[in-house]
file structure_2.pdb (PDB, C-alpha atoms and all ligand atoms)
ATOM      1  CA  MET V 816       3.920  19.571 -23.469
ATOM      2  CA  ALA V 817       0.806  21.535 -22.418
ATOM      3  CA  GLN V 818       1.098  23.807 -19.382
ATOM      4  CA  PRO V 819      -0.797  22.475 -16.346
ATOM      5  CA  SER V 820      -4.113  24.241 -15.712
ATOM      6  CA  HIS V 821      -3.326  24.592 -12.008
ATOM      7  CA  ARG V 822      -1.443  22.883  -9.213
ATOM      8  CA  ILE V 823      -2.871  20.628  -6.500
ATOM      9  CA  ILE V 824      -0.628  19.923  -3.502
ATOM     10  CA  VAL V 825      -1.203  16.883  -1.295
ATOM     11  CA  ILE V 826       0.663  16.850   2.021
ATOM     12  CA  GLY V 827       1.725  13.456   3.373
ATOM     13  CA  GLY V 828       2.683  10.337   1.453
ATOM     14  CA  GLY V 829       0.671   7.840   3.473
ATOM     15  CA  ALA V 830      -2.394   5.865   2.374
ATOM     16  CA  ALA V 831      -4.684   8.918   2.484
ATOM     17  CA  GLY V 832      -2.215  11.126   0.613
ATOM     18  CA  PHE V 833      -1.696   8.575  -2.139
ATOM     19  CA  MET V 834      -5.419   8.104  -2.672
ATOM     20  CA  ALA V 835      -5.960  11.895  -2.581
ATOM     21  CA  ALA V 836      -3.210  12.442  -5.165
ATOM     22  CA  ILE V 837      -4.478   9.610  -7.393
ATOM     23  CA  SER V 838      -8.043  10.879  -7.172
ATOM     24  CA  SER V 839      -6.959  14.492  -7.798
ATOM     25  CA  LYS V 840      -5.026  13.560 -10.933
ATOM     26  CA  THR V 841      -7.819  11.253 -12.138
ATOM     27  CA  HIS V 842     -10.430  14.003 -11.823
ATOM     28  CA  HIS V 843      -8.121  16.876 -12.892
ATOM     29  CA  PRO V 844      -5.806  15.363 -15.492
ATOM     30  CA  GLY V 845      -4.709  18.813 -16.658
ATOM     31  CA  ALA V 846      -3.482  19.796 -13.208
ATOM     32  CA  GLU V 847       0.003  19.340 -11.814
ATOM     33  CA  VAL V 848      -0.383  17.176  -8.698
ATOM     34  CA  LEU V 849       2.447  17.297  -6.139
ATOM     35  CA  LEU V 850       2.627  14.793  -3.299
ATOM     36  CA  LEU V 851       4.961  15.935  -0.504
ATOM     37  CA  GLU V 852       6.328  13.561   2.138
ATOM     38  CA  LYS V 853       8.539  14.713   4.993
ATOM     39  CA  SER V 854      10.259  11.375   5.598
ATOM     40  CA  THR V 855      12.564   9.242   3.476
ATOM     41  CA  LYS V 856       9.893   6.624   2.715
ATOM     42  CA  TRP V 857       6.452   6.418   1.213
ATOM     43  CA  LEU V 858       3.593   4.536   2.869
ATOM     44  CA  SER V 859       5.605   3.383   5.869
ATOM     45  CA  LYS V 860       2.522   2.749   8.021
ATOM     46  CA  VAL V 861       0.898   0.721   5.265
ATOM     47  CA  ARG V 862       4.009  -1.462   5.208
ATOM     48  CA  ILE V 863       3.580  -2.445   8.878
ATOM     49  CA  SER V 864      -0.226  -2.477   8.800
ATOM     50  CA  GLY V 865      -2.063  -5.688   9.578
ATOM     51  CA  GLY V 866       1.168  -7.275  10.825
ATOM     52  CA  GLY V 867       2.794  -6.683   7.423
ATOM     53  CA  ARG V 868      -0.199  -8.105   5.525
ATOM     54  CA  CYS V 869      -2.326  -4.904   5.345
ATOM     55  CA  ASN V 870      -5.934  -5.330   6.409
ATOM     56  CA  VAL V 871      -7.288  -3.369   3.408
ATOM     57  CA  THR V 872     -10.982  -3.411   4.296
ATOM     58  CA  HIS V 873     -13.751  -5.524   5.823
ATOM     59  CA  ALA V 874     -16.289  -7.784   4.153
ATOM     60  CA  CYS V 875     -19.142  -5.375   4.847
ATOM     61  CA  PRO V 876     -20.404  -3.652   1.700
ATOM     62  CA  GLU V 877     -23.254  -1.811   3.482
ATOM     63  CA  PRO V 878     -22.055   1.733   4.445
ATOM     64  CA  ARG V 879     -24.547   2.127   7.301
ATOM     65  CA  LYS V 880     -23.493  -1.146   8.880
ATOM     66  CA  LEU V 881     -19.764  -0.552   8.380
ATOM     67  CA  ALA V 882     -19.921   3.004   9.815
ATOM     68  CA  ARG V 883     -21.573   1.651  12.973
ATOM     69  CA  HIS V 884     -18.309  -0.096  13.881
ATOM     70  CA  TYR V 885     -16.264   3.109  14.064
ATOM     71  CA  PRO V 886     -16.023   4.509  17.596
ATOM     72  CA  ARG V 887     -16.457   8.144  16.441
ATOM     73  CA  GLY V 888     -17.864  10.004  13.456
ATOM     74  CA  GLU V 889     -20.483   7.468  12.387
ATOM     75  CA  ALA V 890     -22.675  10.018  10.555
ATOM     76  CA  PHE V 891     -19.712  11.505   8.679
ATOM     77  CA  LEU V 892     -18.357   8.071   7.783
ATOM     78  CA  ARG V 893     -21.757   6.945   6.524
ATOM     79  CA  LYS V 894     -21.628   9.741   3.931
ATOM     80  CA  VAL V 895     -18.017   9.019   3.028
ATOM     81  CA  LEU V 896     -18.580   5.274   2.729
ATOM     82  CA  THR V 897     -21.697   5.832   0.624
ATOM     83  CA  ALA V 898     -19.638   7.904  -1.838
ATOM     84  CA  TRP V 899     -16.682   5.487  -1.909
ATOM     85  CA  GLY V 900     -16.991   2.460   0.322
ATOM     86  CA  GLN V 901     -15.982  -1.162   0.607
ATOM     87  CA  PRO V 902     -17.254  -2.328  -2.837
ATOM     88  CA  GLN V 903     -15.461   0.567  -4.541
ATOM     89  CA  ALA V 904     -12.252  -0.133  -2.609
ATOM     90  CA  VAL V 905     -12.347  -3.833  -3.519
ATOM     91  CA  ALA V 906     -13.007  -2.976  -7.187
ATOM     92  CA  TRP V 907     -10.296  -0.285  -7.269
ATOM     93  CA  PHE V 908      -7.671  -2.637  -5.875
ATOM     94  CA  ALA V 909      -8.749  -5.448  -8.228
ATOM     95  CA  ALA V 910      -8.434  -3.066 -11.194
ATOM     96  CA  HIS V 911      -4.918  -2.267  -9.994
ATOM     97  CA  GLY V 912      -3.875  -5.888  -9.683
ATOM     98  CA  VAL V 913      -4.511  -6.412  -5.958
ATOM     99  CA  LEU V 914      -6.920  -9.283  -5.352
ATOM    100  CA  LEU V 915      -8.303  -9.501  -1.842
ATOM    101  CA  LYS V 916      -9.359 -12.518   0.222
ATOM    102  CA  THR V 917     -11.732 -12.583   3.164
ATOM    103  CA  GLU V 918     -10.769 -14.269   6.429
ATOM    104  CA  ALA V 919     -13.223 -16.001   8.774
ATOM    105  CA  ASP V 920     -13.675 -12.836  10.871
ATOM    106  CA  GLY V 921     -14.439 -10.695   7.778
ATOM    107  CA  ARG V 922     -11.062  -8.936   7.488
ATOM    108  CA  MET V 923      -9.873  -8.569   3.910
ATOM    109  CA  PHE V 924      -6.190  -8.904   2.991
ATOM    110  CA  PRO V 925      -4.322  -9.105  -0.308
ATOM    111  CA  VAL V 926      -4.111 -12.724  -1.475
ATOM    112  CA  THR V 927      -0.323 -12.319  -1.314
ATOM    113  CA  ASP V 928      -0.521 -11.703   2.478
ATOM    114  CA  ASP V 929       2.001  -8.945   1.854
ATOM    115  CA  SER V 930       1.469  -5.200   2.349
ATOM    116  CA  SER V 931       4.050  -4.429  -0.334
ATOM    117  CA  THR V 932       1.462  -5.561  -2.911
ATOM    118  CA  VAL V 933      -0.723  -2.657  -1.785
ATOM    119  CA  ILE V 934       2.222  -0.246  -1.692
ATOM    120  CA  ASP V 935       3.285  -1.223  -5.215
ATOM    121  CA  ALA V 936      -0.264  -0.705  -6.531
ATOM    122  CA  LEU V 937      -0.594   2.758  -4.972
ATOM    123  CA  GLN V 938       2.836   3.842  -6.182
ATOM    124  CA  SER V 939       2.362   2.532  -9.675
ATOM    125  CA  ALA V 940      -1.105   4.142 -10.008
ATOM    126  CA  ALA V 941       0.323   7.500  -8.890
ATOM    127  CA  THR V 942       3.333   7.219 -11.208
ATOM    128  CA  SER V 943       1.344   6.168 -14.251
ATOM    129  CA  LEU V 944      -1.062   9.087 -13.788
ATOM    130  CA  GLY V 945       1.864  11.514 -13.591
ATOM    131  CA  VAL V 946       1.651  12.487  -9.911
ATOM    132  CA  GLN V 947       4.909  14.207  -8.952
ATOM    133  CA  ALA V 948       6.063  12.795  -5.652
ATOM    134  CA  ARG V 949       8.796  14.280  -3.450
ATOM    135  CA  LEU V 950      10.389  12.692  -0.402
ATOM    136  CA  ASN V 951      12.310  14.620   2.291
ATOM    137  CA  CYS V 952       9.895  17.484   1.818
ATOM    138  CA  ARG V 953       8.417  18.636   5.114
ATOM    139  CA  VAL V 954       5.660  21.227   4.971
ATOM    140  CA  GLN V 955       6.389  23.894   7.585
ATOM    141  CA  ARG V 956       3.584  26.373   7.010
ATOM    142  CA  LEU V 957       0.552  27.166   4.863
ATOM    143  CA  GLY V 958      -0.567  30.631   3.871
ATOM    144  CA  ARG V 959      -3.481  32.072   1.930
ATOM    145  CA  ILE V 960      -2.840  34.081  -1.211
ATOM    146  CA  ASP V 961      -5.358  35.714  -3.522
ATOM    147  CA  ASP V 962      -5.694  32.837  -5.938
ATOM    148  CA  GLY V 963      -4.891  29.890  -3.646
ATOM    149  CA  TRP V 964      -2.299  28.841  -1.097
ATOM    150  CA  THR V 965       1.407  29.011  -0.422
ATOM    151  CA  VAL V 966       2.942  25.834   0.924
ATOM    152  CA  ILE V 967       6.253  26.456   2.638
ATOM    153  CA  THR V 968       8.541  23.437   2.847
ATOM    154  CA  ASP V 969      12.068  23.008   4.223
ATOM    155  CA  HIS V 970      13.446  23.885   0.811
ATOM    156  CA  GLU V 971      11.020  26.090  -1.103
ATOM    157  CA  HIS V 972       7.847  28.109  -1.330
ATOM    158  CA  LEU V 973       5.242  26.406  -3.518
ATOM    159  CA  THR V 974       1.896  27.726  -4.608
ATOM    160  CA  ALA V 975      -1.342  25.884  -5.254
ATOM    161  CA  GLN V 976      -3.626  28.043  -7.347
ATOM    162  CA  ARG V 977      -7.344  28.095  -7.671
ATOM    163  CA  ASP V 978      -8.701  26.759 -10.952
ATOM    164  CA  ARG V 979     -11.805  28.534 -12.237
ATOM    165  CA  GLY V 980     -12.776  29.477  -8.701
ATOM    166  CA  HIS V 981     -11.841  26.207  -6.975
ATOM    167  CA  GLY V 982      -8.935  26.395  -4.512
ATOM    168  CA  ARG V 983      -7.670  22.909  -3.816
ATOM    169  CA  ILE V 984      -5.451  21.687  -1.058
ATOM    170  CA  ALA V 985      -5.506  18.229   0.434
ATOM    171  CA  GLN V 986      -4.101  16.875   3.684
ATOM    172  CA  GLY V 987      -2.916  13.299   3.365
TER     173      GLY V 987
HETATM  174  C1  LIG V1001       0.957  -1.112  13.744
HETATM  175  C2  LIG V1001      -0.191  -0.583  12.898
HETATM  176  C3  LIG V1001      -0.972  -1.466  12.194
HETATM  177  C4  LIG V1001      -2.031  -0.994  11.409
HETATM  178  N1  LIG V1001      -2.765  -1.864  10.686
HETATM  179  C5  LIG V1001      -3.748  -1.418   9.878
HETATM  180  C6  LIG V1001      -4.453  -2.280   9.008
HETATM  181  O1  LIG V1001      -4.146  -3.469   8.915
HETATM  182  N2  LIG V1001      -5.446  -1.752   8.229
HETATM  183  C7  LIG V1001      -5.752  -0.415   8.268
HETATM  184  O2  LIG V1001      -6.654   0.014   7.529
HETATM  185  N3  LIG V1001      -5.085   0.411   9.056
HETATM  186  C8  LIG V1001      -4.102  -0.039   9.855
HETATM  187  N4  LIG V1001      -3.396   0.827  10.642
HETATM  188  C9  LIG V1001      -3.758   2.202  10.591
HETATM  189  C10 LIG V1001      -3.162   2.713   9.297
HETATM  190  O3  LIG V1001      -1.755   2.703   9.383
HETATM  191  C11 LIG V1001      -3.622   4.066   9.105
HETATM  192  O4  LIG V1001      -5.051   4.062   9.037
HETATM  193  C12 LIG V1001      -3.113   4.631   7.783
HETATM  194  O5  LIG V1001      -1.764   4.320   7.550
HETATM  195  C13 LIG V1001      -3.257   6.085   7.929
HETATM  196  O6  LIG V1001      -2.846   6.635   6.717
HETATM  197  P1  LIG V1001      -2.705   8.176   6.603
HETATM  198  O7  LIG V1001      -2.265   8.466   5.209
HETATM  199  O8  LIG V1001      -3.936   8.838   7.105
HETATM  200  O9  LIG V1001      -1.585   8.564   7.669
HETATM  201  P2  LIG V1001      -0.016   8.181   7.688
HETATM  202  O10 LIG V1001       0.246   6.824   7.162
HETATM  203  O11 LIG V1001       0.441   8.519   9.065
HETATM  204  O12 LIG V1001       0.545   9.205   6.634
HETATM  205  C14 LIG V1001       0.755  10.554   6.916
HETATM  206  C15 LIG V1001       2.037  10.933   6.203
HETATM  207  O13 LIG V1001       2.185  12.341   6.268
HETATM  208  C16 LIG V1001       3.549  12.625   6.471
HETATM  209  N5  LIG V1001       3.602  13.978   7.046
HETATM  210  C17 LIG V1001       3.162  14.366   8.272
HETATM  211  N6  LIG V1001       3.372  15.684   8.435
HETATM  212  C18 LIG V1001       3.959  16.123   7.291
HETATM  213  C19 LIG V1001       4.422  17.398   6.870
HETATM  214  N7  LIG V1001       4.348  18.490   7.654
HETATM  215  N8  LIG V1001       4.961  17.508   5.628
HETATM  216  C20 LIG V1001       5.049  16.427   4.804
HETATM  217  N9  LIG V1001       4.637  15.188   5.160
HETATM  218  C21 LIG V1001       4.090  15.039   6.390
HETATM  219  C22 LIG V1001       4.004  11.511   7.422
HETATM  220  O14 LIG V1001       5.417  11.341   7.411
HETATM  221  C23 LIG V1001       3.261  10.316   6.853
HETATM  222  O15 LIG V1001       4.002   9.612   5.866
HETATM  223  C24 LIG V1001      -2.331   0.379  11.397
HETATM  224  C25 LIG V1001      -1.503   1.271  12.118
HETATM  225  C26 LIG V1001      -0.453   0.804  12.846
HETATM  226  C27 LIG V1001       0.433   1.793  13.585
END
call {"tool": "encode", "arguments": {"input": "structure_2.pdb", "output": "structure tokens"}}
result
Amino acid sequence: MAQPSHRIIVIGGGAAGFMAAISSKTHHPGAEVLLLEKSTKWLSKVRISGGGRCNVTHACPEPRKLARHYPRGEAFLRKVLTAWGQPQAVAWFAAHGVLLKTEADGRMFPVTDDSSTVIDALQSAATSLGVQARLNCRVQRLGRIDDGWTVITDHEHLTAQRDRGHGRIAQG
């Protein structure tokens, strides 16, 4: 098997961490992507989200309009939602087997009304891409090194190296 070109470490196995790890591996297939979670379970907040149904997004495809509904950070969110917003989220979940339905108030849930559908999709996307995921792995400290970062966990010192001048570390 080919040696990985570099290592990307994502800290936190929640919704953000899973998407960061999936996106990292999608865009850097040659890299080793490690997803570190301090607890014994992945995606535990997603499981309880939306009363156990997971309110995935809102039926508002227009980034400017959607960003207006966030109490803080509207300008930042406008940029983020323009790059990857509601239509992309709906399409991504559909491509990964999660069909969404829209309720009368615009909230969008999986048609199964079950957050585990979302959890299964995120886990299976990460696994099939080859993301290496570790539970019971609390990050204690980060440090800079010449060519990247050290990530100090309860059990070990890991390094995430720069690749051709790009240091990468993601907080989930
Ligand atoms: C009751 C409830 C209902 C909700 N309903 C919805 C909803 O329907 N729709 C919606 O969009 N949002 C909902 N939310 C909000 C939603 O849960 C969050 O937006 C989402 O889960 C945040 O994901 P995250 O990955 O940013 O953070 P988290 O889910 O908090 O993930 C962070 C992860 O990082 C891990 N971690 C932290 N520190 C370390 C460390 N040092 N080392 C290793 N791992 C670490 C944590 O254990 C955790 O697993 C709800 C929240 C709650 C509490």
call {"tool": "residues_around", "arguments": {"input": "structure_2.pdb", "residues": "Arg868 (chain V)", "least_positions_apart": "2", "cutoff": "8 Å", "atoms": "all atoms listed in the file", "output": "ChimeraX atom specification"}}
result
/V:862-866,870,924-925,928-930
call {"tool": "residues_near_ligand", "arguments": {"input": "structure_2.pdb", "ligand": "ligand LIG 1001 (chain V)", "cutoff": "9 Å", "atoms": "all atoms listed in the file", "output": "count of residues only"}}
result
46
call {"tool": "residues_around", "arguments": {"input": "structure_2.pdb", "residues": "region 888-900 of chain V", "least_positions_apart": "3", "cutoff": "10 Å", "atoms": "all atoms listed in the file", "output": "number ranges by chain"}}
result
V: 872, 875-885, 903-905
call {"tool": "atom_distance", "arguments": {"input": "structure_2.pdb", "atom1": "CA of His821 (chain V)", "atom2": "CA of Ala846 (chain V)"}}
result
4.9 Å
call {"tool": "atom_distance", "arguments": {"input": "structure_2.pdb", "atom1": "CA of Arg977 (chain V)", "atom2": "CA of Gly963 (chain V)"}}
result
5.0 Å
call {"tool": "resolve_selection", "arguments": {"input": "structure_2.pdb", "expression": "the PyMOL selection byres (((chain V and resi 938) around 10) and not hetatm)", "output": "list in words"}}
result
Phe833, Met834, Ile837, Trp857, Leu858, Val933, Ile934, Asp935, Ala936, Leu937, Ser939, Ala940, Ala941, Thr942, Ser943, Val946 and Ala948 of chain V
call {"tool": "atom_distance", "arguments": {"input": "structure_2.pdb", "atom1": "CA of Val848 (chain V)", "atom2": "CA of Leu915 (chain V)"}}
result
28.7 Å
call {"tool": "closest_residue", "arguments": {"input": "structure_2.pdb", "among": "V:Ala874, V:Gln976, V:Leu849, V:Arg949", "to": "Ala835 (chain V)", "atoms": "all atoms listed in the file"}}
result
V:Leu849
call {"tool": "closest_residue", "arguments": {"input": "structure_2.pdb", "among": "V:Ser820, V:Arg887, V:Thr932, V:Trp964", "to": "Phe908 (chain V)", "atoms": "all atoms listed in the file"}}
result
V:Thr932
call {"tool": "closest_residue", "arguments": {"input": "structure_2.pdb", "among": "V:Pro902, V:Gly945, V:Pro886, V:Gly912", "to": "Pro844 (chain V)", "atoms": "only C-alpha atoms"}}
result
V:Gly945
call {"tool": "residues_around", "arguments": {"input": "structure_2.pdb", "residues": "Thr965 (chain V)", "least_positions_apart": "5", "cutoff": "9 Å", "atoms": "only C-alpha atoms", "output": "ChimeraX atom specification"}}
result
/V:956-960,972-976
